[in-house]
file start_30.cif (mmCIF, C-alpha atoms)
data_input
#
loop_
_atom_site.label_atom_id
_atom_site.label_comp_id
_atom_site.auth_asym_id
_atom_site.auth_seq_id
_atom_site.Cartn_x
_atom_site.Cartn_y
_atom_site.Cartn_z
CA MET A 1211 -44.96 173.89 -57.36
CA ARG A 1212 -41.25 173.09 -57.37
CA GLN A 1213 -40.93 174.23 -53.75
CA LEU A 1214 -43.79 171.97 -52.73
CA LEU A 1215 -42.14 169.04 -54.50
CA ALA A 1216 -38.82 169.77 -52.77
CA VAL A 1217 -40.47 169.95 -49.34
CA GLY A 1218 -42.39 166.75 -50.04
CA LEU A 1219 -39.26 164.88 -51.13
CA VAL A 1220 -37.33 166.04 -48.06
CA PHE A 1221 -40.20 164.99 -45.81
CA ALA A 1222 -40.46 161.59 -47.53
CA GLY A 1223 -36.69 161.12 -47.27
CA CYS A 1224 -36.64 161.94 -43.56
CA CYS A 1225 -39.60 159.66 -42.83
CA SER A 1226 -38.13 156.77 -44.78
CA ASN A 1227 -34.79 157.34 -43.04
CA VAL A 1228 -36.43 156.98 -39.63
CA ILE A 1229 -38.39 153.90 -40.67
CA PHE A 1230 -35.35 152.09 -42.05
CA LEU A 1231 -33.15 153.16 -39.12
CA GLU A 1232 -35.67 151.67 -36.72
CA LEU A 1233 -35.82 148.43 -38.72
CA LEU A 1234 -32.02 148.21 -38.87
CA VAL A 1235 -31.53 148.96 -35.17
CA ARG A 1236 -34.12 146.38 -34.16
CA ASN A 1237 -32.46 143.66 -36.25
CA ARG A 1238 -28.85 144.70 -35.62
CA PRO A 1239 -28.63 146.82 -32.44
CA GLY A 1240 -24.99 147.83 -32.97
CA CYS A 1241 -25.37 149.10 -36.53
CA GLY A 1242 -26.45 152.65 -35.61
CA ASN A 1243 -22.90 153.98 -35.53
CA ILE A 1244 -21.99 152.76 -39.01
CA VAL A 1245 -25.32 154.03 -40.34
CA THR A 1246 -24.43 157.43 -38.84
CA PHE A 1247 -20.83 157.36 -40.05
CA ALA A 1248 -21.61 156.45 -43.67
CA PRO A 1249 -23.49 159.68 -44.53
CA PHE A 1250 -20.84 161.75 -42.75
CA LEU A 1251 -18.15 160.08 -44.83
CA PHE A 1252 -20.15 160.49 -48.05
CA ILE A 1253 -20.78 164.20 -47.42
CA ALA A 1254 -17.12 164.77 -46.50
CA VAL A 1255 -15.85 163.09 -49.67
CA GLU A 1256 -18.47 164.79 -51.86
CA GLY A 1257 -17.69 168.18 -50.31
CA PHE A 1258 -13.95 167.70 -50.75
CA LEU A 1259 -14.34 166.66 -54.39
CA PHE A 1260 -16.94 169.13 -55.62
CA GLU A 1261 -17.16 172.02 -53.15
CA ALA A 1262 -13.50 172.32 -52.15
CA ASN A 1263 -12.32 171.35 -55.64
CA LEU A 1264 -9.90 168.75 -54.25
CA GLY A 1265 -8.63 171.26 -51.66
CA ARG A 1266 -7.79 173.99 -54.17
CA LYS A 1267 -10.68 176.29 -53.20
CA GLN A 1268 -10.31 178.45 -50.07
CA PRO A 1269 -13.03 177.56 -47.51
CA SER A 1270 -15.60 180.21 -46.57
CA ILE A 1271 -15.11 179.59 -42.86
CA PRO A 1272 -11.90 178.55 -41.10
CA ILE A 1273 -11.49 174.78 -41.14
CA ARG A 1274 -11.13 174.58 -37.33
CA TYR A 1275 -14.62 176.06 -36.82
CA TYR A 1276 -16.01 173.65 -39.36
CA ALA A 1277 -14.25 170.74 -37.62
CA VAL A 1278 -15.75 171.75 -34.26
CA MET A 1279 -19.26 171.93 -35.76
CA VAL A 1280 -18.94 168.57 -37.47
CA THR A 1281 -17.48 166.93 -34.37
CA MET A 1282 -20.29 168.24 -32.19
CA PHE A 1283 -22.96 167.14 -34.67
CA PHE A 1284 -21.38 163.70 -35.04
CA THR A 1285 -21.14 163.30 -31.25
CA VAL A 1286 -24.81 164.22 -30.82
CA SER A 1287 -25.70 161.68 -33.51
CA LEU A 1288 -23.74 158.95 -31.74
CA VAL A 1289 -25.36 159.79 -28.40
CA ASN A 1290 -28.76 159.59 -30.10
CA ASN A 1291 -27.80 156.16 -31.45
CA TYR A 1292 -26.85 155.09 -27.95
CA ALA A 1293 -30.24 156.25 -26.68
CA LEU A 1294 -31.87 153.70 -28.97
CA ASN A 1295 -30.17 150.94 -26.95
CA LEU A 1296 -32.16 151.95 -23.88
CA ASN A 1297 -35.32 150.20 -25.07
CA ILE A 1298 -37.29 153.31 -25.98
CA THR A 1299 -39.56 153.50 -28.98
CA MET A 1300 -38.48 155.35 -32.11
CA PRO A 1301 -41.38 157.85 -31.93
CA LEU A 1302 -40.48 158.67 -28.33
CA HIS A 1303 -36.85 159.07 -29.36
CA MET A 1304 -37.84 161.47 -32.13
CA ILE A 1305 -40.04 163.44 -29.75
CA PHE A 1306 -37.19 163.92 -27.28
CA ARG A 1307 -34.83 164.95 -30.06
CA SER A 1308 -37.26 167.71 -31.02
CA GLY A 1309 -37.48 168.80 -27.38
CA SER A 1310 -34.40 171.00 -27.65
CA LEU A 1311 -36.50 173.95 -28.78
CA ILE A 1312 -37.08 175.23 -25.28
CA ALA A 1313 -33.41 174.81 -24.38
CA ASN A 1314 -32.38 176.76 -27.48
CA MET A 1315 -34.81 179.54 -26.63
CA ILE A 1316 -33.60 179.78 -23.04
CA LEU A 1317 -29.96 179.86 -24.17
CA GLY A 1318 -30.85 182.53 -26.75
CA ILE A 1319 -32.41 184.65 -24.01
CA ILE A 1320 -29.57 184.17 -21.53
CA ILE A 1321 -26.50 184.18 -23.76
CA LEU A 1322 -27.52 186.15 -26.83
CA LYS A 1323 -29.96 188.47 -25.00
CA LYS A 1324 -32.61 187.73 -27.64
CA ARG A 1325 -36.24 188.73 -27.33
CA TYR A 1326 -38.86 186.57 -28.98
CA SER A 1327 -42.39 187.34 -30.14
CA ILE A 1328 -45.39 185.97 -28.29
CA PHE A 1329 -46.00 183.73 -31.31
CA LYS A 1330 -42.66 181.97 -30.77
CA TYR A 1331 -43.27 181.53 -27.03
CA THR A 1332 -46.68 180.06 -27.81
CA SER A 1333 -45.18 177.73 -30.41
CA ILE A 1334 -42.58 176.44 -27.96
CA ALA A 1335 -45.23 175.96 -25.29
CA LEU A 1336 -47.44 173.97 -27.68
CA VAL A 1337 -44.54 171.76 -28.79
CA SER A 1338 -43.62 171.16 -25.13
CA VAL A 1339 -47.20 170.21 -24.29
CA GLY A 1340 -47.20 167.86 -27.28
CA ILE A 1341 -43.97 166.23 -26.08
CA PHE A 1342 -45.47 165.77 -22.62
CA ILE A 1343 -48.68 164.23 -24.00
CA CYS A 1344 -46.81 161.87 -26.35
CA THR A 1345 -44.43 160.82 -23.58
CA SER A 1346 -47.22 160.06 -21.14
CA MET A 1347 -49.21 158.16 -23.80
CA SER A 1348 -46.13 156.16 -24.78
CA ALA A 1349 -45.50 155.29 -21.13
CA LYS A 1350 -49.13 154.15 -20.73
CA GLN A 1351 -48.87 152.06 -23.89
CA VAL A 1352 -45.70 150.35 -22.68
CA THR A 1353 -47.27 149.73 -19.27
CA SER A 1354 -50.47 148.25 -20.71
CA GLN A 1355 -48.62 146.03 -23.22
CA SER A 1356 -46.06 144.86 -20.71
CA SER A 1357 -46.53 141.30 -19.54
CA LEU A 1358 -43.48 141.37 -17.32
CA SER A 1359 -43.67 139.96 -13.84
CA GLU A 1360 -42.51 142.15 -10.99
CA ASN A 1361 -39.11 140.42 -10.96
CA GLU A 1362 -38.63 140.80 -14.75
CA GLY A 1363 -39.63 144.46 -14.51
CA PHE A 1364 -37.02 144.99 -11.80
CA GLN A 1365 -34.40 143.25 -13.95
CA ALA A 1366 -35.24 145.48 -16.92
CA PHE A 1367 -34.98 148.55 -14.68
CA THR A 1368 -31.58 147.48 -13.30
CA TRP A 1369 -30.38 146.77 -16.86
CA TRP A 1370 -31.37 150.32 -17.80
CA LEU A 1371 -29.59 151.78 -14.75
CA ARG A 1372 -26.47 149.71 -15.45
CA SER A 1373 -26.36 150.82 -19.10
CA LYS A 1374 -26.87 154.43 -18.00
CA LYS A 1375 -23.99 154.08 -15.52
CA ILE A 1376 -21.72 152.65 -18.23
CA PHE A 1377 -22.68 155.48 -20.59
CA MET A 1378 -22.04 158.16 -17.94
CA SER A 1379 -18.63 156.72 -17.03
CA TYR A 1380 -17.72 156.55 -20.74
CA TRP A 1381 -18.89 160.13 -21.25
CA LYS A 1382 -16.98 161.33 -18.16
CA ASN A 1383 -13.78 159.64 -19.33
CA THR A 1384 -14.19 161.06 -22.84
CA ILE A 1385 -14.65 164.65 -21.68
CA TYR A 1386 -12.00 164.74 -18.97
#

call {"tool": "encode", "arguments": {"input": "start_30.cif", "output": "structure tokens"}}
result
Amino acid sequence: MRQLLAVGLVFAGCCSNVIFLELLVRNRPGCGNIVTFAPFLFIAVEGFLFEANLGRKQPSIPIRYYAVMVTMFFTVSLVNNYALNLNITMPLHMIFRSGSLIANMILGIIILKKRYSIFKYTSIALVSVGIFICTSMSAKQVTSQSSLSENEGFQAFTWWLRSKKIFMSYWKNTIY
């Protein structure tokens, strides 16, 4: 019973997080980064105070590996926040975030030489089909609800291309 309660609370917390993030981003489009940064800061301070015992306890893993993991996770979170600025719906955004399953499986096969059971291949295939169905239904919903004229539609498309170009140039300059 306690496990069921824990799973239920985690599920409720994640769902409420998504709902409030969508409400915040719609009202204040630039607030996604601070909403992402605040939990990272809280977890870092809490971990330093209680887990690391104010730096007196030796970490289980080297701090540089931990820093790389946290940096990568934070970067992915910021990129996901940026994706919300591209006028996509929150459910579609969540669906694409869960679409990394097939990429993880392919990398596991190629890099780690893993072999998976037929059950796991079937699960990934079903999730991928679900992503495809939800994406196509979301696109149909946006098309049917859109009252844009042809010129306004072209302007929205060029805005999206321009923002993608800005993002790619920022990303290129950050990496290199």

call {"tool": "closest_residue", "arguments": {"input": "start_30.cif", "among": "A:Val1245, A:Leu1215, A:Val1339, A:Ala1262", "to": "A:Asn1227", "atoms": "only C-alpha atoms"}}
result
A:Val1245

call {"tool": "resolve_selection", "arguments": {"input": "start_30.cif", "expression": "the PyMOL selection byres ((chain A and resi 1287) around 12)", "output": "list in words"}}
result
Gly1242, Asn1243, Ile1244, Val1245, Thr1246, Phe1247, Pro1249, Phe1250, Val1280, Thr1281, Met1282, Phe1283, Phe1284, Thr1285, Val1286, Leu1288, Val1289, Asn1290, Asn1291, Tyr1292, Ala1293, Leu1294 and Arg1307 of chain A

call {"tool": "atom_distance", "arguments": {"input": "start_30.cif", "atom1": "atom CA of A:Ile1321", "atom2": "atom CA of A:Leu1336"}}
result
23.6 Å

call {"tool": "resolve_selection", "arguments": {"input": "start_30.cif", "expression": "the PyMOL selection byres ((chain A and resi 1300) around 12)", "output": "tab-separated table (two decimals) with C-alpha atoms, in the frame of the given file"}}
result
chain	number	residue	atom	x	y	z
A	1225	CYS	CA	-39.60	159.66	-42.83
A	1227	ASN	CA	-34.79	157.34	-43.04
A	1228	VAL	CA	-36.43	156.98	-39.63
A	1229	ILE	CA	-38.39	153.90	-40.67
A	1230	PHE	CA	-35.35	152.09	-42.05
A	1231	LEU	CA	-33.15	153.16	-39.12
A	1232	GLU	CA	-35.67	151.67	-36.72
A	1233	LEU	CA	-35.82	148.43	-38.72
A	1234	LEU	CA	-32.02	148.21	-38.87
A	1235	VAL	CA	-31.53	148.96	-35.17
A	1236	ARG	CA	-34.12	146.38	-34.16
A	1290	ASN	CA	-28.76	159.59	-30.10
A	1291	ASN	CA	-27.80	156.16	-31.45
A	1293	ALA	CA	-30.24	156.25	-26.68
A	1294	LEU	CA	-31.87	153.70	-28.97
A	1295	ASN	CA	-30.17	150.94	-26.95
A	1296	LEU	CA	-32.16	151.95	-23.88
A	1297	ASN	CA	-35.32	150.20	-25.07
A	1298	ILE	CA	-37.29	153.31	-25.98
A	1299	THR	CA	-39.56	153.50	-28.98
A	1301	PRO	CA	-41.38	157.85	-31.93
A	1302	LEU	CA	-40.48	158.67	-28.33
A	1303	HIS	CA	-36.85	159.07	-29.36
A	1304	MET	CA	-37.84	161.47	-32.13
A	1305	ILE	CA	-40.04	163.44	-29.75
A	1306	PHE	CA	-37.19	163.92	-27.28
A	1307	ARG	CA	-34.83	164.95	-30.06
A	1345	THR	CA	-44.43	160.82	-23.58
A	1348	SER	CA	-46.13	156.16	-24.78

call {"tool": "atom_distance", "arguments": {"input": "start_30.cif", "atom1": "atom CA of A:Pro1269", "atom2": "atom CA of A:Glu1256"}}
result
14.5 Å

call {"tool": "residues_around", "arguments": {"input": "start_30.cif", "residues": "A:Met1315", "least_positions_apart": "5", "cutoff": "12 Å", "atoms": "all atoms listed in the file", "output": "PDB file with C-alpha atoms, keeping the file's coordinate frame"}}
result
ATOM      1  CA  GLY A1309     -37.480 168.800 -27.380  1.00  0.00           C
ATOM      2  CA  SER A1310     -34.400 171.000 -27.650  1.00  0.00           C
ATOM      3  CA  ILE A1320     -29.570 184.170 -21.530  1.00  0.00           C
ATOM      4  CA  ILE A1321     -26.500 184.180 -23.760  1.00  0.00           C
ATOM      5  CA  LEU A1322     -27.520 186.150 -26.830  1.00  0.00           C
ATOM      6  CA  LYS A1323     -29.960 188.470 -25.000  1.00  0.00           C
ATOM      7  CA  LYS A1324     -32.610 187.730 -27.640  1.00  0.00           C
ATOM      8  CA  ARG A1325     -36.240 188.730 -27.330  1.00  0.00           C
ATOM      9  CA  TYR A1326     -38.860 186.570 -28.980  1.00  0.00           C
ATOM     10  CA  SER A1327     -42.390 187.340 -30.140  1.00  0.00           C
ATOM     11  CA  LYS A1330     -42.660 181.970 -30.770  1.00  0.00           C
ATOM     12  CA  TYR A1331     -43.270 181.530 -27.030  1.00  0.00           C
ATOM     13  CA  THR A1332     -46.680 180.060 -27.810  1.00  0.00           C
ATOM     14  CA  SER A1333     -45.180 177.730 -30.410  1.00  0.00           C
ATOM     15  CA  ILE A1334     -42.580 176.440 -27.960  1.00  0.00           C
ATOM     16  CA  ALA A1335     -45.230 175.960 -25.290  1.00  0.00           C
TER      17      ALA A1335
END

call {"tool": "atom_distance", "arguments": {"input": "start_30.cif", "atom1": "atom CA of A:Phe1252", "atom2": "atom CA of A:Met1211"}}
result
29.7 Å

call {"tool": "axis_aligned_box", "arguments": {"input": "start_30.cif", "around": "stretch 1231-1237 of chain A", "padding_each_side": "3 Å", "output": "AutoDock Vina command-line options"}}
result
--center_x -33.7 --center_y 148.4 --center_z -36.6 --size_x 10.3 --size_y 15.5 --size_z 11.0
